[in-house]
$ cat entry.txt   # compact mmCIF, C-alpha atoms and all ligand atoms
# COMPACT_ATOMS: atom_id res chain seq x y z
CA MET A 17 41.36 103.15 146.79
CA PRO A 18 44.07 105.76 147.32
CA TRP A 19 42.80 109.29 146.76
CA LEU A 20 46.20 110.28 145.47
CA GLY A 21 46.35 110.13 141.68
CA LEU A 22 49.86 108.88 140.95
CA PRO A 23 50.98 107.08 137.79
CA PRO A 24 51.43 103.39 138.70
CA GLN A 25 55.10 103.42 137.69
CA HIS A 26 56.04 106.48 139.72
CA PRO A 27 59.25 105.53 141.61
CA PHE A 28 58.02 107.35 144.72
CA GLY A 29 54.54 105.82 144.80
CA LEU A 30 52.96 104.43 147.95
CA GLN A 31 55.10 101.29 147.63
CA THR A 32 58.23 103.33 148.38
CA LEU A 33 57.56 106.06 150.99
CA PRO A 34 61.19 107.01 151.74
CA TYR A 35 62.06 109.30 154.64
CA GLY A 36 64.23 112.40 154.60
CA SER A 37 64.86 115.77 156.21
CA PHE A 38 63.99 119.05 154.53
CA ARG A 39 63.78 122.80 155.04
CA THR A 40 61.38 125.22 153.41
CA GLY A 41 64.13 127.85 153.29
CA SER A 42 67.75 128.22 154.30
CA SER A 43 66.83 129.74 157.68
CA ALA A 44 63.84 127.50 158.40
CA ALA A 45 64.01 124.64 160.91
CA PRO A 46 64.50 121.13 159.48
CA ARG A 47 61.48 118.85 159.27
CA VAL A 48 60.97 115.15 158.63
CA GLY A 49 59.44 114.43 155.26
CA VAL A 50 58.17 111.48 153.26
CA ALA A 51 58.55 111.60 149.47
CA VAL A 52 55.23 110.85 147.76
CA GLY A 53 55.17 111.26 144.02
CA ASP A 54 56.65 114.65 143.18
CA ASP A 55 55.74 116.02 146.60
CA VAL A 56 57.07 115.93 150.13
CA LEU A 57 54.71 115.18 152.99
CA ASP A 58 55.64 117.17 156.10
CA LEU A 59 55.56 114.41 158.69
CA THR A 60 56.64 116.76 161.47
CA ALA A 61 53.45 118.76 160.87
CA VAL A 62 50.99 116.01 160.08
CA SER A 63 52.06 113.74 162.95
CA GLY A 64 50.80 116.40 165.35
CA VAL A 65 47.30 115.77 164.06
CA LEU A 66 47.20 112.17 162.79
CA LEU A 67 49.98 110.38 164.69
CA ARG A 68 50.06 111.95 168.12
CA SER A 69 51.47 108.82 169.80
CA HIS A 70 54.67 109.23 167.75
CA GLU A 71 54.71 112.99 167.27
CA ARG A 72 57.95 113.36 169.25
CA LEU A 73 59.82 111.13 166.77
CA PHE A 74 59.57 113.84 164.12
CA ALA A 75 60.03 116.95 166.24
CA GLY A 76 63.81 117.00 165.80
CA GLY A 77 63.55 117.46 162.05
CA ASP A 78 65.79 114.49 161.17
CA LEU A 79 65.40 110.71 161.25
CA ASP A 80 67.47 110.09 164.38
CA ARG A 81 64.57 109.41 166.77
CA LEU A 82 62.62 107.33 164.27
CA LEU A 83 65.73 105.23 163.55
CA ALA A 84 66.27 104.61 167.27
CA ALA A 85 62.65 103.61 167.85
CA GLY A 86 63.09 100.14 166.33
CA PRO A 87 61.27 97.90 163.88
CA ALA A 88 57.84 97.75 165.56
CA VAL A 89 57.54 101.54 165.41
CA TRP A 90 58.98 101.68 161.87
CA HIS A 91 56.20 99.33 160.79
CA GLU A 92 53.53 101.28 162.65
CA VAL A 93 54.53 104.62 161.13
CA ARG A 94 54.80 103.24 157.60
CA SER A 95 51.37 101.59 157.89
CA ALA A 96 49.87 104.81 159.20
CA VAL A 97 51.30 106.93 156.37
CA ARG A 98 50.09 104.46 153.76
CA GLY A 99 46.69 104.37 155.38
CA TRP A 100 46.24 108.15 155.19
CA PHE A 101 46.41 108.02 151.42
CA GLY A 102 43.56 105.51 151.32
CA ASP A 103 41.31 107.30 153.80
CA PRO A 104 39.12 110.18 152.58
CA ALA A 105 38.79 111.41 156.17
CA THR A 106 42.49 112.29 156.39
CA ARG A 107 42.76 113.77 152.93
CA ASP A 108 42.44 117.45 153.84
CA THR A 109 44.98 117.21 156.66
CA VAL A 110 47.51 115.33 154.54
CA GLU A 111 47.08 117.49 151.45
CA SER A 112 47.62 120.63 153.45
CA ALA A 113 50.98 119.22 154.65
CA MET A 114 52.28 118.38 151.17
CA ARG A 115 54.49 120.64 149.12
CA PRO A 116 56.32 120.22 145.81
CA ALA A 117 59.67 118.47 146.21
CA THR A 118 61.24 121.12 143.99
CA SER A 119 60.36 123.79 146.56
CA VAL A 120 62.32 122.35 149.51
CA LEU A 121 65.97 122.01 150.50
CA LEU A 122 66.96 118.45 151.31
CA GLU A 123 69.29 117.90 154.25
CA LEU A 124 71.49 115.08 155.49
CA PRO A 125 68.68 112.81 156.73
CA PHE A 126 70.27 111.51 159.93
CA THR A 127 73.27 112.06 162.17
CA VAL A 128 75.94 109.71 160.88
CA ALA A 129 77.48 107.85 163.83
CA ASP A 130 80.21 105.60 162.42
CA TYR A 131 80.86 105.06 158.74
CA VAL A 132 82.26 101.84 157.30
CA ASP A 133 82.91 101.09 153.66
CA PHE A 134 83.09 97.52 152.39
CA TYR A 135 84.51 96.05 149.19
CA ALA A 136 81.78 93.51 148.58
CA SER A 137 81.58 93.32 144.78
CA GLU A 138 83.73 90.53 143.38
CA HIS A 139 83.72 92.10 139.91
CA HIS A 140 84.95 95.41 141.31
CA ALA A 141 87.57 93.75 143.51
CA ARG A 142 88.89 91.66 140.62
CA THR A 143 89.13 94.57 138.19
CA LEU A 144 90.75 96.85 140.76
CA GLY A 145 93.14 94.10 141.85
CA ARG A 146 94.17 93.53 138.24
CA LEU A 147 94.77 97.26 137.71
CA LEU A 148 96.58 97.89 141.02
CA ARG A 149 98.55 94.66 141.31
CA PRO A 150 99.16 93.41 137.77
CA GLY A 151 100.67 89.95 137.59
CA SER A 152 99.37 88.77 140.96
CA ASP A 153 96.08 87.16 142.01
CA PRO A 154 93.54 90.02 141.74
CA LEU A 155 91.57 88.77 144.75
CA PRO A 156 93.48 88.83 148.07
CA ALA A 157 93.55 85.48 149.91
CA ASN A 158 91.06 86.71 152.53
CA TRP A 159 88.48 88.07 150.08
CA LYS A 160 86.13 85.06 149.84
CA HIS A 161 86.33 84.39 153.59
CA LEU A 162 85.20 87.76 154.87
CA PRO A 163 83.67 91.02 153.63
CA VAL A 164 86.75 93.26 153.42
CA GLY A 165 86.11 96.79 154.71
CA TYR A 166 87.60 99.81 156.45
CA HIS A 167 86.41 102.49 158.86
CA GLY A 168 85.75 105.74 157.03
CA ARG A 169 85.11 109.28 158.21
CA ALA A 170 81.55 109.93 159.43
CA GLY A 171 82.09 113.68 159.67
CA THR A 172 82.57 114.10 155.93
CA VAL A 173 79.42 112.28 154.86
CA VAL A 174 77.44 114.92 152.95
CA VAL A 175 74.03 115.04 151.34
CA SER A 176 73.39 114.97 147.61
CA GLY A 177 73.88 118.35 145.99
CA THR A 178 76.94 119.24 148.06
CA PRO A 179 79.69 120.39 145.67
CA LEU A 180 82.94 118.47 145.75
CA VAL A 181 86.07 120.60 145.98
CA ARG A 182 88.95 118.79 144.31
CA PRO A 183 91.13 117.63 147.21
CA HIS A 184 94.87 117.90 147.68
CA GLY A 185 97.07 115.02 148.71
CA GLN A 186 100.53 113.56 148.48
CA VAL A 187 101.07 112.01 145.09
CA ARG A 188 104.03 110.64 143.21
CA THR A 189 104.73 112.40 139.91
CA ASP A 190 105.68 110.71 136.66
CA ASP A 191 109.35 111.53 137.32
CA GLY A 192 109.24 110.02 140.80
CA ARG A 193 108.98 113.13 142.98
CA VAL A 194 106.50 113.29 145.87
CA VAL A 195 104.40 116.46 145.90
CA LEU A 196 101.33 117.87 147.63
CA ALA A 197 98.98 118.64 144.78
CA PRO A 198 95.33 118.58 143.73
CA THR A 199 94.37 115.06 142.76
CA ARG A 200 94.59 114.37 139.04
CA ARG A 201 92.69 111.11 139.36
CA LEU A 202 89.40 112.13 140.96
CA ASP A 203 86.85 109.33 140.74
CA LEU A 204 83.33 108.38 141.74
CA GLU A 205 82.19 105.11 143.29
CA ALA A 206 78.55 104.03 142.95
CA GLU A 207 77.56 102.21 146.11
CA VAL A 208 74.59 101.18 148.24
CA GLY A 209 74.52 102.37 151.87
CA PHE A 210 72.78 100.66 154.79
CA VAL A 211 71.45 102.81 157.62
CA VAL A 212 71.45 101.31 161.12
CA GLY A 213 68.42 102.17 163.23
CA ALA A 214 68.08 100.10 166.36
CA PRO A 215 71.36 99.78 168.28
CA TRP A 216 73.08 96.49 169.09
CA SER A 217 74.73 96.07 172.45
CA GLY A 218 77.54 94.01 170.99
CA GLY A 219 79.29 90.94 172.30
CA ALA A 220 78.48 88.77 169.29
CA ALA A 221 77.78 89.10 165.59
CA VAL A 222 74.32 90.34 164.61
CA PRO A 223 72.68 87.13 163.34
CA LEU A 224 71.95 87.19 159.61
CA GLU A 225 68.24 86.73 160.32
CA SER A 226 68.23 89.82 162.57
CA PHE A 227 69.40 92.18 159.80
CA ALA A 228 66.02 93.91 159.41
CA GLU A 229 65.68 94.39 163.16
CA HIS A 230 68.68 96.71 163.13
CA VAL A 231 68.96 98.11 159.61
CA PHE A 232 66.23 100.63 158.84
CA GLY A 233 66.85 101.15 155.15
CA VAL A 234 69.13 101.96 152.26
CA CYS A 235 70.43 105.02 150.49
CA LEU A 236 72.68 105.57 147.50
CA VAL A 237 76.30 106.52 148.04
CA ASN A 238 78.92 108.20 145.89
CA ASP A 239 82.23 107.50 147.59
CA TRP A 240 84.38 110.22 145.98
CA SER A 241 87.93 108.90 145.62
CA ALA A 242 91.34 110.35 144.74
CA ARG A 243 93.07 107.43 143.02
CA ASP A 244 96.57 108.90 142.90
CA VAL A 245 96.45 109.80 146.60
CA GLN A 246 95.02 106.36 147.37
CA ALA A 247 97.67 104.55 145.32
CA PHE A 248 100.55 106.22 147.20
CA GLU A 249 99.14 105.91 150.74
CA TYR A 250 97.19 102.64 150.93
CA VAL A 251 100.01 100.24 151.82
CA PRO A 252 100.03 98.96 154.53
CA LEU A 253 96.89 100.22 156.32
CA GLY A 254 94.40 100.77 153.51
CA PRO A 255 92.34 103.77 152.34
CA PHE A 256 92.79 107.02 154.26
CA LEU A 257 92.95 110.58 152.87
CA GLY A 258 92.24 109.44 149.31
CA LYS A 259 88.72 108.64 150.52
CA SER A 260 87.95 110.71 153.59
CA PHE A 261 87.46 114.17 152.05
CA ALA A 262 83.79 113.52 151.14
CA THR A 263 81.25 110.72 150.83
CA ALA A 264 77.90 111.75 149.38
CA VAL A 265 74.56 110.09 150.18
CA SER A 266 71.10 110.37 148.65
CA PRO A 267 68.62 112.41 150.70
CA TRP A 268 65.87 109.78 150.82
CA VAL A 269 66.30 106.66 152.96
CA VAL A 270 64.20 103.83 151.52
CA PRO A 271 62.99 101.46 154.25
CA LEU A 272 63.90 97.79 153.94
CA ALA A 273 60.15 97.21 154.18
CA ALA A 274 59.84 98.68 150.67
CA LEU A 275 62.40 96.25 149.25
CA GLN A 276 60.78 92.89 150.01
CA ALA A 277 59.96 92.30 146.32
CA ALA A 278 63.57 93.10 145.41
CA ARG A 279 65.06 90.29 147.49
CA VAL A 280 67.00 87.78 145.40
CA ARG A 281 69.49 85.02 146.01
CA PRO A 282 73.02 86.37 146.01
CA PRO A 283 75.75 84.71 143.91
CA ALA A 284 76.89 81.24 144.99
CA ARG A 285 79.71 81.34 147.55
CA ASP A 286 82.78 79.16 147.18
CA PRO A 287 84.26 78.35 149.64
CA ARG A 288 81.34 78.15 152.04
CA PRO A 289 81.82 80.96 154.56
CA LEU A 290 82.07 80.44 158.33
CA PRO A 291 78.72 79.85 160.08
CA TYR A 292 78.14 83.48 161.16
CA LEU A 293 78.32 84.48 157.46
CA ASP A 294 76.66 81.40 155.97
CA ASP A 295 73.26 82.32 154.51
CA SER A 296 72.84 79.21 152.39
CA ASP A 297 70.07 77.85 154.64
CA ALA A 298 68.48 81.22 155.43
CA GLU A 299 66.45 83.64 153.36
CA PRO A 300 69.39 85.72 152.17
CA TRP A 301 69.53 89.46 151.65
CA GLY A 302 70.57 89.70 148.02
CA LEU A 303 68.83 92.78 146.59
CA ASP A 304 67.94 93.52 142.99
CA LEU A 305 68.88 97.20 143.08
CA ARG A 306 69.62 98.64 139.64
CA LEU A 307 72.03 101.54 139.71
CA GLU A 308 72.91 104.05 137.01
CA VAL A 309 75.87 106.40 136.83
CA LEU A 310 75.47 109.61 134.83
CA LEU A 311 78.38 111.88 133.95
CA ASN A 312 77.27 115.32 132.74
CA GLY A 313 73.85 113.86 132.04
CA HIS A 314 75.13 110.93 130.02
CA ARG A 315 74.71 107.40 131.35
CA VAL A 316 78.13 105.77 131.58
CA ALA A 317 77.31 102.67 133.65
CA GLN A 318 74.50 100.46 134.95
CA PRO A 319 75.87 98.59 137.97
CA PRO A 320 73.67 95.70 139.18
CA PHE A 321 73.72 95.36 142.97
CA ARG A 322 72.33 91.82 142.79
CA SER A 323 75.71 90.61 141.55
CA THR A 324 77.39 91.72 144.81
CA TYR A 325 79.07 88.76 146.53
CA TRP A 326 78.49 89.71 150.18
CA THR A 327 75.01 90.89 151.24
CA GLY A 328 74.27 93.73 153.64
CA ALA A 329 73.33 91.15 156.29
CA GLN A 330 76.73 89.50 155.95
CA GLN A 331 78.48 92.87 156.08
CA LEU A 332 76.62 93.69 159.30
CA ALA A 333 77.40 90.29 160.85
CA HIS A 334 81.07 90.70 160.04
CA LEU A 335 81.15 94.28 161.33
CA THR A 336 80.04 93.02 164.75
CA VAL A 337 81.70 89.59 165.01
CA ASN A 338 84.49 90.95 167.22
CA GLY A 339 81.98 92.11 169.83
CA ALA A 340 81.59 95.69 168.55
CA GLY A 341 78.13 97.15 169.11
CA LEU A 342 76.09 99.36 166.81
CA ARG A 343 74.77 102.85 167.31
CA THR A 344 71.76 104.52 165.76
CA GLY A 345 72.99 106.31 162.65
CA ASP A 346 75.81 103.92 161.82
CA LEU A 347 76.20 103.83 158.08
CA PHE A 348 77.89 101.06 156.18
CA ALA A 349 78.29 101.03 152.43
CA SER A 350 78.73 98.10 150.08
CA GLY A 351 81.79 99.31 148.24
CA THR A 352 81.70 100.05 144.54
CA VAL A 353 79.00 98.07 142.79
CA SER A 354 80.24 96.53 139.55
CA GLY A 355 78.75 93.75 137.45
CA PRO A 356 80.44 91.24 135.16
CA HIS A 357 80.08 93.39 132.03
CA GLU A 358 82.09 96.46 131.05
CA HIS A 359 79.07 98.78 131.04
CA GLU A 360 78.24 97.66 134.58
CA ARG A 361 81.37 99.08 136.25
CA GLY A 362 80.67 101.56 139.04
CA SER A 363 83.83 103.71 138.88
CA LEU A 364 85.83 105.57 136.24
CA MET A 365 88.94 103.70 137.39
CA GLU A 366 87.30 100.55 136.04
CA LEU A 367 85.46 102.10 133.10
CA SER A 368 88.71 103.67 131.83
CA GLU A 369 90.90 100.66 132.70
CA GLY A 370 93.00 102.69 135.11
CA GLY A 371 93.06 105.71 132.81
CA ARG A 372 94.20 103.85 129.70
CA THR A 373 90.87 103.69 127.84
CA PRO A 374 89.01 107.03 127.98
CA VAL A 375 85.23 107.08 128.25
CA ALA A 376 83.61 108.99 125.35
CA LEU A 377 80.80 111.45 126.09
CA PRO A 378 78.19 112.57 123.52
CA ASP A 379 79.62 116.12 123.35
CA GLY A 380 82.80 114.69 121.85
CA SER A 381 84.85 115.01 125.02
CA VAL A 382 86.46 112.06 126.77
CA ARG A 383 87.13 111.28 130.41
CA THR A 384 89.56 109.06 132.21
CA PHE A 385 88.95 110.75 135.57
CA LEU A 386 86.73 113.66 136.62
CA GLU A 387 87.39 117.22 135.47
CA ASP A 388 86.41 120.46 137.22
CA GLY A 389 82.79 121.27 136.44
CA ASP A 390 81.78 117.65 135.88
CA GLU A 391 78.49 116.57 137.39
CA VAL A 392 78.05 113.03 138.69
CA VAL A 393 74.67 111.47 139.41
CA VAL A 394 74.15 108.00 140.85
CA ARG A 395 70.52 106.94 140.75
CA GLY A 396 68.73 103.67 141.34
CA ARG A 397 65.53 101.71 141.40
CA ALA A 398 64.29 98.29 142.40
CA PRO A 399 61.33 96.09 141.56
CA GLY A 400 58.39 96.73 143.88
CA PRO A 401 55.28 94.65 144.64
CA ASP A 402 52.75 93.96 141.87
CA GLY A 403 54.92 95.24 139.04
CA THR A 404 55.60 98.61 140.65
CA VAL A 405 58.96 100.36 140.83
CA VAL A 406 60.65 101.37 144.06
CA GLY A 407 62.77 104.45 143.48
CA LEU A 408 66.01 104.90 145.38
CA GLY A 409 66.33 108.52 144.34
CA GLU A 410 69.70 109.92 143.43
CA VAL A 411 72.94 111.32 144.79
CA ARG A 412 74.27 114.25 142.78
CA GLY A 413 77.42 116.33 142.97
CA THR A 414 79.52 118.73 140.90
CA VAL A 415 83.31 118.96 140.98
CA LEU A 416 84.74 122.39 141.89
CA PRO A 417 88.37 123.43 141.30
CA ALA A 418 90.92 122.84 144.04
CA ARG A 419 91.53 125.62 146.54
CA PRO A 420 94.93 127.29 146.45
CA ALA A 421 97.27 125.36 148.74
CA PRO A 422 100.14 127.38 150.26
CA GLY A 423 103.24 125.22 150.47
CA ALA A 424 102.08 122.87 147.76
CA SER A 425 105.53 122.65 146.25
CA GLY A 426 107.35 119.39 145.73
CA SER A 427 110.12 117.75 147.75
CA CA B 1 84.27 102.85 148.30
$ encode --input "entry.txt" --output "structure tokens"
Amino acid sequence: MPWLGLPPQHPFGLQTLPYGSFRTGSSAAPRVGVAVGDDVLDLTAVSGVLLRSHERLFAGGDLDRLLAAGPAVWHEVRSAVRGWFGDPATRDTVESAMRPATSVLLELPFTVADYVDFYASEHHARTLGRLLRPGSDPLPANWKHLPVGYHGRAGTVVVSGTPLVRPHGQVRTDDGRVVLAPTRRLDLEAEVGFVVGAPWSGGAAVPLESFAEHVFGVCLVNDWSARDVQAFEYVPLGPFLGKSFATAVSPWVVPLAALQAARVRPPARDPRPLPYLDDSDAEPWGLDLRLEVLLNGHRVAQPPFRSTYWTGAQQLAHLTVNGAGLRTGDLFASGTVSGPHEHERGSLMELSEGGRTPVALPDGSVRTFLEDGDEVVVRGRAPGPDGTVVGLGEVRGTVLPARPAPGASGS
């Protein structure tokens, strides 16, 4: 029996055990932590006593070395941590290395190598296609043949809690002028991110069945977006500065090992994809992750990840089919998660029908896009084993006013 008295439905119970990086103060060195209940276990400290064979993995204070160590070590460490909470002999050591989660500063958990963002939700792609290209087929001709994606900017991936300064960009005004101005259509995108651990030397697509040998776990992503900037720049090469100013991630990376009970069959695919993407005969990687989007504390959407057309395994296979390898710390996100129903849409662009139908908040205000001072939270959970809940934590951010921009006049 575990000596730790946690309510059975706690999202960070022993079924979850997500990893992160924390500091005990702004000038303290970062340390690797595991979230357990409302506490953080200092793995950098406790590994020096109870896990000497892997102590070096946690000395750097982030997840980089653990990610690189590969699936056998991931399993070993997770089993060891779980075991400590069921062993009275380790109780004193473990308890002395736990501190309240509210007392620590959470850092970006790993060094982001490359960042890719997909567009894997059919419901999102259809709604956005209808809004951006009215009158034409909302799904591009390639969409059901491959997971559409683009390479994003790894250097602007930030951890939850980082404020978002409203970005500037080139936009077209209502009277047709082109100006450099703060975005007037700032949006959120609720997404699921996959964190690559063990590298892949490249040369061929990562087989679908090898997904869990390379992907360590998942985090939540808010892909901040400037819709007016995006709309003016995206033809012909796709998203660029309308996306690259900031992408926020949750501080806790939940191992795939914690999500076995959340695996579900993804939606049926028609047409059948090419063999490297065809999971119809395999055990596919659909995941029943239930997201929520809160705007100023009010829930505005409940996007269901299980409705996503392309799984993380298919995204990874496609990402590598041209021979590209993978590095530890590569992050790829699903794209906005939206379900078939209106309340399941993972962006304000969709919830407000492109700005035409404002979203009402309980304080009487309405939103089409984000205003200065708005706070966005994306949080999530998944079914765990034996009726438990696996928490995915949250990614939180507040919008700050744009900085003054010299030369921001029109042309
Ligand atoms: Ca996105």
$ residues_around --input "entry.txt" --residues "Leu33 (chain A)" --least-positions-apart "4" --cutoff "10 Å" --atoms "all atoms listed in the file" --output "JSON, numbers by chain"
{"A": [27, 28, 29, 49, 50, 51, 52, 53, 56, 57, 94, 97, 98, 268, 269, 270, 271, 273, 274, 406, 407]}
$ closest_residue --input "entry.txt" --among "A:Arg201, A:His167, A:Arg107, A:Arg68" --to "ligand CA 1 (chain B)" --atoms "all atoms listed in the file"
A:His167
$ atom_distance --input "entry.txt" --atom1 "CA of Asp133 (chain A)" --atom2 "CA of Val211 (chain A)"
12.2 Å
$ closest_atom_pairs --input "entry.txt" --of "chain A" --to "ligand CA 1 (chain B)" --cutoff "6 Å" --atoms "only C-alpha atoms and all ligand atoms" --output "Markdown table"
| residue | atom | partner | partner_atom | distance |
| --- | --- | --- | --- | --- |
| A:Asp133 | CA | B:CA1 | CA | 5.8 |
| A:Glu205 | CA | B:CA1 | CA | 5.9 |
| A:Asp239 | CA | B:CA1 | CA | 5.1 |
| A:Gly351 | CA | B:CA1 | CA | 4.3 |
| A:Thr352 | CA | B:CA1 | CA | 5.3 |
$ residues_around --input "entry.txt" --residues "Asp379 (chain A)" --least-positions-apart "5" --cutoff "12 Å" --atoms "all atoms listed in the file" --output "list of chain:residue names"
A:Leu311, A:Asn312, A:Gly313, A:His314
$ build_atoms --input "entry.txt" --residues "region 286-301 of chain A" --atoms "N, CA, C and O atoms" --output "PDB file, in the coordinates of the input"
ATOM      1  N   ASP A 286      81.813  80.250 147.151  1.00  0.00           N
ATOM      2  CA  ASP A 286      82.780  79.160 147.180  1.00  0.00           C
ATOM      3  C   ASP A 286      84.134  79.748 147.545  1.00  0.00           C
ATOM      4  O   ASP A 286      84.635  80.584 146.794  1.00  0.00           O
ATOM      5  N   PRO A 287      84.701  79.376 148.687  1.00  0.00           N
ATOM      6  CA  PRO A 287      84.260  78.350 149.640  1.00  0.00           C
ATOM      7  C   PRO A 287      83.081  78.816 150.491  1.00  0.00           C
ATOM      8  O   PRO A 287      82.787  80.007 150.538  1.00  0.00           O
ATOM      9  N   ARG A 288      82.433  77.831 151.136  1.00  0.00           N
ATOM     10  CA  ARG A 288      81.340  78.150 152.040  1.00  0.00           C
ATOM     11  C   ARG A 288      81.880  78.985 153.200  1.00  0.00           C
ATOM     12  O   ARG A 288      82.882  78.613 153.816  1.00  0.00           O
ATOM     13  N   PRO A 289      81.278  80.123 153.494  1.00  0.00           N
ATOM     14  CA  PRO A 289      81.820  80.960 154.560  1.00  0.00           C
ATOM     15  C   PRO A 289      81.587  80.349 155.948  1.00  0.00           C
ATOM     16  O   PRO A 289      80.800  79.420 156.091  1.00  0.00           O
ATOM     17  N   LEU A 290      82.261  80.892 156.956  1.00  0.00           N
ATOM     18  CA  LEU A 290      82.070  80.440 158.330  1.00  0.00           C
ATOM     19  C   LEU A 290      80.601  80.625 158.736  1.00  0.00           C
ATOM     20  O   LEU A 290      79.889  81.433 158.145  1.00  0.00           O
ATOM     21  N   PRO A 291      80.157  79.864 159.757  1.00  0.00           N
ATOM     22  CA  PRO A 291      78.720  79.850 160.080  1.00  0.00           C
ATOM     23  C   PRO A 291      78.084  81.229 160.283  1.00  0.00           C
ATOM     24  O   PRO A 291      76.949  81.443 159.850  1.00  0.00           O
ATOM     25  N   TYR A 292      78.787  82.179 160.899  1.00  0.00           N
ATOM     26  CA  TYR A 292      78.140  83.480 161.160  1.00  0.00           C
ATOM     27  C   TYR A 292      77.881  84.257 159.863  1.00  0.00           C
ATOM     28  O   TYR A 292      77.117  85.228 159.862  1.00  0.00           O
ATOM     29  N   LEU A 293      78.519  83.829 158.761  1.00  0.00           N
ATOM     30  CA  LEU A 293      78.320  84.480 157.460  1.00  0.00           C
ATOM     31  C   LEU A 293      77.571  83.590 156.464  1.00  0.00           C
ATOM     32  O   LEU A 293      77.350  83.994 155.318  1.00  0.00           O
ATOM     33  N   ASP A 294      77.225  82.381 156.902  1.00  0.00           N
ATOM     34  CA  ASP A 294      76.660  81.400 155.970  1.00  0.00           C
ATOM     35  C   ASP A 294      75.150  81.582 155.857  1.00  0.00           C
ATOM     36  O   ASP A 294      74.410  81.259 156.787  1.00  0.00           O
ATOM     37  N   ASP A 295      74.698  82.096 154.710  1.00  0.00           N
ATOM     38  CA  ASP A 295      73.260  82.320 154.510  1.00  0.00           C
ATOM     39  C   ASP A 295      72.645  81.294 153.573  1.00  0.00           C
ATOM     40  O   ASP A 295      71.555  81.506 153.058  1.00  0.00           O
ATOM     41  N   SER A 296      73.341  80.165 153.385  1.00  0.00           N
ATOM     42  CA  SER A 296      72.840  79.210 152.390  1.00  0.00           C
ATOM     43  C   SER A 296      71.557  78.521 152.852  1.00  0.00           C
ATOM     44  O   SER A 296      70.793  78.032 152.022  1.00  0.00           O
ATOM     45  N   ASP A 297      71.303  78.467 154.160  1.00  0.00           N
ATOM     46  CA  ASP A 297      70.070  77.850 154.640  1.00  0.00           C
ATOM     47  C   ASP A 297      69.044  78.880 155.087  1.00  0.00           C
ATOM     48  O   ASP A 297      67.967  78.532 155.547  1.00  0.00           O
ATOM     49  N   ALA A 298      69.395  80.157 154.976  1.00  0.00           N
ATOM     50  CA  ALA A 298      68.480  81.220 155.430  1.00  0.00           C
ATOM     51  C   ALA A 298      67.827  81.865 154.211  1.00  0.00           C
ATOM     52  O   ALA A 298      68.106  81.492 153.079  1.00  0.00           O
ATOM     53  N   GLU A 299      66.951  82.822 154.468  1.00  0.00           N
ATOM     54  CA  GLU A 299      66.450  83.640 153.360  1.00  0.00           C
ATOM     55  C   GLU A 299      67.423  84.808 153.209  1.00  0.00           C
ATOM     56  O   GLU A 299      67.448  85.718 154.038  1.00  0.00           O
ATOM     57  N   PRO A 300      68.285  84.759 152.199  1.00  0.00           N
ATOM     58  CA  PRO A 300      69.390  85.720 152.170  1.00  0.00           C
ATOM     59  C   PRO A 300      68.947  87.096 151.714  1.00  0.00           C
ATOM     60  O   PRO A 300      67.842  87.277 151.195  1.00  0.00           O
ATOM     61  N   TRP A 301      69.842  88.060 151.900  1.00  0.00           N
ATOM     62  CA  TRP A 301      69.530  89.460 151.650  1.00  0.00           C
ATOM     63  C   TRP A 301      70.169  89.985 150.368  1.00  0.00           C
ATOM     64  O   TRP A 301      70.603  91.140 150.331  1.00  0.00           O
TER      65      TRP A 301
END
